[in-house]
Structure formats: structure tokens, C-alpha cells
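Chemist: Contents of entry_35.cif (mmCIF, C-alpha atoms):
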data_upload
loop_
_atom_site.label_atom_id
_atom_site.label_comp_id
_atom_site.auth_asym_id
_atom_site.auth_seq_id
_atom_site.Cartn_x
_atom_site.Cartn_y
_atom_site.Cartn_z
CA MET A 338 89.78 130.91 83.98
CA PRO A 339 88.67 127.24 84.30
CA ILE A 340 85.12 126.35 83.41
CA ALA A 341 83.29 125.02 86.48
CA ASP A 342 81.94 121.95 84.69
CA SER A 343 85.15 120.97 82.95
CA PRO A 344 86.37 117.45 83.71
CA SER A 345 89.67 118.66 85.13
CA SER A 346 88.07 121.00 87.67
CA THR A 347 85.51 118.35 88.63
CA ASP A 348 88.24 115.71 88.98
CA SER A 349 90.31 118.12 91.06
CA THR A 350 87.34 118.93 93.30
CA ASP A 351 86.57 115.20 93.68
CA ALA A 352 90.18 114.47 94.54
CA GLU A 353 90.29 117.28 97.10
CA ALA A 354 87.06 116.04 98.70
CA PHE A 355 88.40 112.48 98.89
CA LEU A 356 91.76 113.54 100.36
CA SER A 357 90.06 115.83 102.86
CA ALA A 358 87.76 113.00 103.98
CA PHE A 359 90.73 110.58 104.08
CA LYS A 360 92.59 112.93 106.45
CA GLY A 361 89.48 113.53 108.59
CA SER A 362 88.51 112.12 111.94
CA PHE A 363 87.97 108.36 112.23
CA THR A 364 86.79 105.99 114.95
CA SER A 365 88.19 102.50 115.37
CA ALA A 366 86.06 99.39 115.56
CA LEU A 367 88.16 98.40 118.55
CA ARG A 368 86.29 95.24 119.53
CA TRP A 369 85.03 92.51 117.23
CA PRO A 370 81.35 93.19 118.13
CA GLN A 371 81.88 96.82 117.03
CA LEU A 372 83.22 95.55 113.70
CA ASP A 373 80.19 93.23 113.40
CA ALA A 374 77.89 96.24 113.90
CA LEU A 375 79.82 98.27 111.31
CA TRP A 376 79.65 95.43 108.78
CA GLN A 377 75.89 95.16 109.42
CA ARG A 378 75.41 98.87 108.64
CA LEU A 379 77.56 98.60 105.52
CA ARG A 380 75.69 95.51 104.29
CA ALA A 381 72.39 97.37 104.77
CA ASP A 382 73.77 100.14 102.53
CA ALA A 383 75.56 97.86 100.03
CA GLY A 384 73.77 99.47 97.07
CA GLY A 385 74.54 102.98 98.27
CA GLY A 386 77.32 103.88 95.86
CA TRP A 387 80.40 102.45 97.59
CA TYR A 388 83.79 102.59 95.92
CA LEU A 389 86.01 99.65 96.89
CA TYR A 390 89.69 100.51 96.60
CA ALA A 391 92.64 98.19 97.22
CA LEU A 392 95.74 100.33 97.51
CA GLY A 393 98.32 99.29 94.96
CA GLU A 394 95.57 98.78 92.37
CA PRO A 395 94.20 101.58 90.20
CA PRO A 396 91.44 103.46 92.03
CA PRO A 397 87.97 102.47 90.78
CA ALA A 398 86.20 104.87 88.46
CA GLU A 399 82.71 103.61 89.34
CA PRO A 400 81.00 102.50 92.55
CA ALA A 401 80.77 98.74 93.09
CA LYS A 402 77.54 96.83 92.64
CA ALA A 403 75.72 95.83 95.85
CA GLU A 404 76.71 92.17 95.40
CA SER A 405 80.37 93.14 95.17
CA VAL A 406 80.15 95.27 98.30
CA THR A 407 78.55 92.43 100.24
CA ARG A 408 81.12 89.93 98.98
CA PHE A 409 83.97 92.33 99.84
CA ILE A 410 82.65 92.72 103.40
CA ASP A 411 82.27 88.96 103.84
CA GLU A 412 85.73 88.21 102.47
CA MET A 413 87.36 91.07 104.39
CA ASP A 414 85.77 89.92 107.63
CA ALA A 415 87.08 86.37 107.06
CA LEU A 416 90.56 87.68 106.20
CA LEU A 417 90.77 89.96 109.25
CA ARG A 418 89.61 87.25 111.65
CA ALA A 419 92.07 84.73 110.17
CA GLU A 420 95.11 87.01 109.98
CA HIS A 421 94.61 89.43 112.90
CA ASP A 422 94.88 86.88 115.68
CA GLU A 423 94.03 89.22 118.55
CA ASP A 424 91.13 89.43 120.99
CA TYR A 425 90.45 92.92 119.63
CA CYS A 426 90.01 94.31 116.13
CA GLY A 427 91.29 97.90 116.12
CA ILE A 428 92.37 97.99 112.45
CA VAL A 429 89.12 99.11 110.82
CA TYR A 430 88.23 102.79 111.10
CA SER A 431 85.12 104.66 109.95
CA ASP A 432 84.31 108.33 109.75
CA ASP A 433 80.98 107.74 111.53
CA PRO A 434 80.27 104.27 112.94
CA ALA A 435 76.51 104.97 113.07
CA SER A 436 76.32 106.20 109.47
CA PRO A 437 79.61 105.46 107.70
CA ARG A 438 80.60 107.12 104.43
CA PHE A 439 84.31 106.35 104.57
CA VAL A 440 86.08 103.26 105.96
CA LYS A 441 89.81 102.54 106.21
CA ILE A 442 90.88 98.93 106.64
CA TYR A 443 94.49 98.28 107.58
CA ASP A 444 96.28 95.16 106.43
CA PRO A 445 97.00 92.97 109.47
CA ASN A 446 100.38 92.12 107.92
CA ASN A 447 101.41 95.79 107.46
CA LEU A 448 100.26 97.71 110.50
CA GLY A 449 103.23 99.94 111.29
CA VAL A 450 101.75 102.55 113.63
CA ALA A 451 98.17 102.42 112.33
CA CYS A 452 97.03 102.89 115.91
CA GLY A 453 98.29 106.02 117.57
CA PHE A 454 99.98 109.07 116.13
CA SER A 455 102.67 109.35 113.51
CA ASP A 456 103.83 112.11 111.20
CA ASN A 457 103.99 109.47 108.49
CA PRO A 458 101.29 106.86 109.22
CA PRO A 459 101.04 103.83 106.97
CA LEU A 460 98.35 103.82 104.32
CA PRO A 461 95.47 101.42 104.81
CA GLY A 462 95.31 98.30 102.69
CA TRP A 463 91.73 98.99 101.58
CA VAL A 464 89.27 101.85 101.49
CA MET A 465 85.49 101.84 101.20
CA SER A 466 84.22 105.29 100.32
CA LYS A 467 81.16 107.09 99.02
CA LEU A 468 83.65 109.44 97.35
CA ARG A 469 85.55 108.47 94.24
CA PRO A 470 89.08 107.59 95.40
CA VAL A 471 92.37 108.93 94.14
CA ASP A 472 95.66 107.06 93.90
CA LEU A 473 96.68 107.46 97.54
CA PRO A 474 100.33 106.42 97.24
CA ALA A 475 100.80 108.99 94.47
CA ALA A 476 98.94 111.66 96.45
CA GLN A 477 101.09 111.31 99.57
CA PRO A 478 104.00 113.71 99.78
CA ALA A 479 107.43 112.14 99.92
CA PRO A 480 109.18 112.44 103.30
CA LYS A 481 111.19 115.68 103.48
CA GLY A 482 114.49 113.81 103.61
CA ARG A 483 113.63 111.97 100.41
CA ARG A 484 112.47 115.16 98.73
CA ARG A 485 115.76 116.88 99.60
CA TRP A 486 117.68 113.86 98.27
CA TRP A 487 115.67 113.94 95.04
CA GLN A 488 116.15 117.70 94.65
CA ARG A 489 119.89 117.34 95.25
CA LEU A 490 120.02 114.55 92.69
CA PHE A 491 117.99 116.25 89.98
CA GLY A 492 117.54 119.82 91.25
#
Now, as a test, write the supplied structure out as C-alpha cells.
Modeler:
Amino acid sequence: MPIADSPSSTDSTDAEAFLSAFKGSFTSALRWPQLDALWQRLRADAGGGWYLYALGEPPPAEPAKAESVTRFIDEMDALLRAEHDEDYCGIVYSDDPASPRFVKIYDPNNLGVACGFSDNPPLPGWVMSKLRPVDLPAAQPAPKGRRRWWQRLFG
């Protein structure tokens, strides 16, 4: 029987909480003024324990310092406006625009079907979260066709 305070059960619980939040309901900052308002709320809470996670990099073990959060927001805003040459934003999603705790930011150069529905949506490029992130690419199940191929190969 696992001990409730053991690191492995805590890590597992943290991972489950993060993945559950990641798969939850999100609202798009569809228009640039909505993104401006979201950034303003995030800047006001920059010291609130935000984890900044760039997918493809190891997930951070500690929340970022307020200065890093503010710099990330400023740089991300500049990047999105330069590389997402549209009259709308629509690639930044938050769990609660009025009081965000989880934000997904999609890479303008790798959108796939980020908007809309897909059984296999692309992962965001970046995540801001109050929850400690897990390695999202590793946590995503392989498509069933690939799993069958792998099982046939090594099963």
C-alpha cells in the first residue's frame, strides 16, 4: 500500500491533476484585444507561481520568477503578433479568461487543427500553468495504428 506522502504518489497525483486540467475546457482569446486583456491579468499575477513550459524542453520543476513570467508574456506577445499575421488571434486558450490558472499557446507555425475538433489535436507550443507540468509528448498515447504496428513489431 503506497504511503500518501511518498514522492511517487505525490508526483502521480500532480501529473494526474495537470493532465486533467490540460484536457479540460478552454476559451480562446479570439481577438487581439481579448489577448491583451489576458496578458494584463497574467502580468498582474506574474508572481503567482506560474510554470512556463516549452514543449520539447524538459518540464520545469519549479515555478518561474515574476520577472521571467513578465518577460515570457512580452516576448510571446511579440512573437505571436509577428508570426500570426491575421486580424484575429485565436491561438491562445485559457481555462478561465477572467481568472486564468492554465494557458495553452499554439505555435503559429504548427497549428494543425488547433481550432475545432480532432481526435488527435496538436499539442500547444507553450503552456503556462499553476500546476507543475508533465512531459506532454510522452504522456500522449500513440495513435492506435502506431500502437498496433509497434505491438506487431515487438509484441
Chemist: Please check which residues have atoms at most 7 Å from (93.6, 108.9, 96.9) in the file's coordinates, counting only C-alpha atoms, and write them as a PyMOL selection string.
Modeler: chain A and resi 352+355-356+470-473+476
Chemist: Hey, what's within 10 Å of Gln377 of chain A if we count all atoms listed in the file and toss same-chain stuff fewer than 5 positions away? As a PyMOL selection string, please?
Modeler: chain A and resi 371-372+382-383+407+410
Chemist: Taking the file as shown, what set of residues would the PyMOL selection byres ((chain A and resi 443) around 9) give back, as a short mmCIF file (atom, residue, chain, number, x, y, z; two decimals) with C-alpha atoms, keeping the file's coordinate frame?
Modeler:
data_model
loop_
_atom_site.label_atom_id
_atom_site.label_comp_id
_atom_site.auth_asym_id
_atom_site.auth_seq_id
_atom_site.Cartn_x
_atom_site.Cartn_y
_atom_site.Cartn_z
CA ILE A 428 92.37 97.99 112.45
CA VAL A 429 89.12 99.11 110.82
CA TYR A 430 88.23 102.79 111.10
CA LYS A 441 89.81 102.54 106.21
CA ILE A 442 90.88 98.93 106.64
CA ASP A 444 96.28 95.16 106.43
CA PRO A 445 97.00 92.97 109.47
CA ASN A 446 100.38 92.12 107.92
CA ASN A 447 101.41 95.79 107.46
CA LEU A 448 100.26 97.71 110.50
CA ALA A 451 98.17 102.42 112.33
CA PRO A 459 101.04 103.83 106.97
CA LEU A 460 98.35 103.82 104.32
CA PRO A 461 95.47 101.42 104.81
CA GLY A 462 95.31 98.30 102.69
CA TRP A 463 91.73 98.99 101.58
CA VAL A 464 89.27 101.85 101.49
#
Chemist: Of the candidates A:Tyr390, A:Arg380, A:Ala358, A:Phe439, which shows the shortest atom-to-atom distance to Arg408 of chain A, using only C-alpha atoms?
Modeler: A:Arg380
Chemist: Using only C-alpha atoms, which of A:Trp369, A:Gly386, A:Phe359, A:Leu375 sits nearest Asp422 of chain A?
Modeler: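 Checking each candidate against Asp422 of chain A, we get A:Trp369 as the closest.
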Chemist: Between A:Ala398, A:Leu367, A:Leu417, A:Met465, which is the closest to Gly385 of chain A once you count only C-alpha atoms?
Modeler: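 Between A:Ala398, A:Leu367, A:Leu417, A:Met465, the residue approaching Gly385 of chain A most closely is A:Met465.
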Chemist: For Arg418 of chain A, which residue among A:Arg438, A:Glu399, A:Leu392, A:Asp373 is the nearest when counting all atoms listed in the file?
Modeler: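 Smallest separation from Arg418 of chain A among the options: A:Asp373.
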Chemist: Check what the PyMOL selection byres ((chain A and resi 388) around 6) selects in the file above and give those residues as number ranges by chain.
Modeler: A: 387, 389, 400-401, 465-466
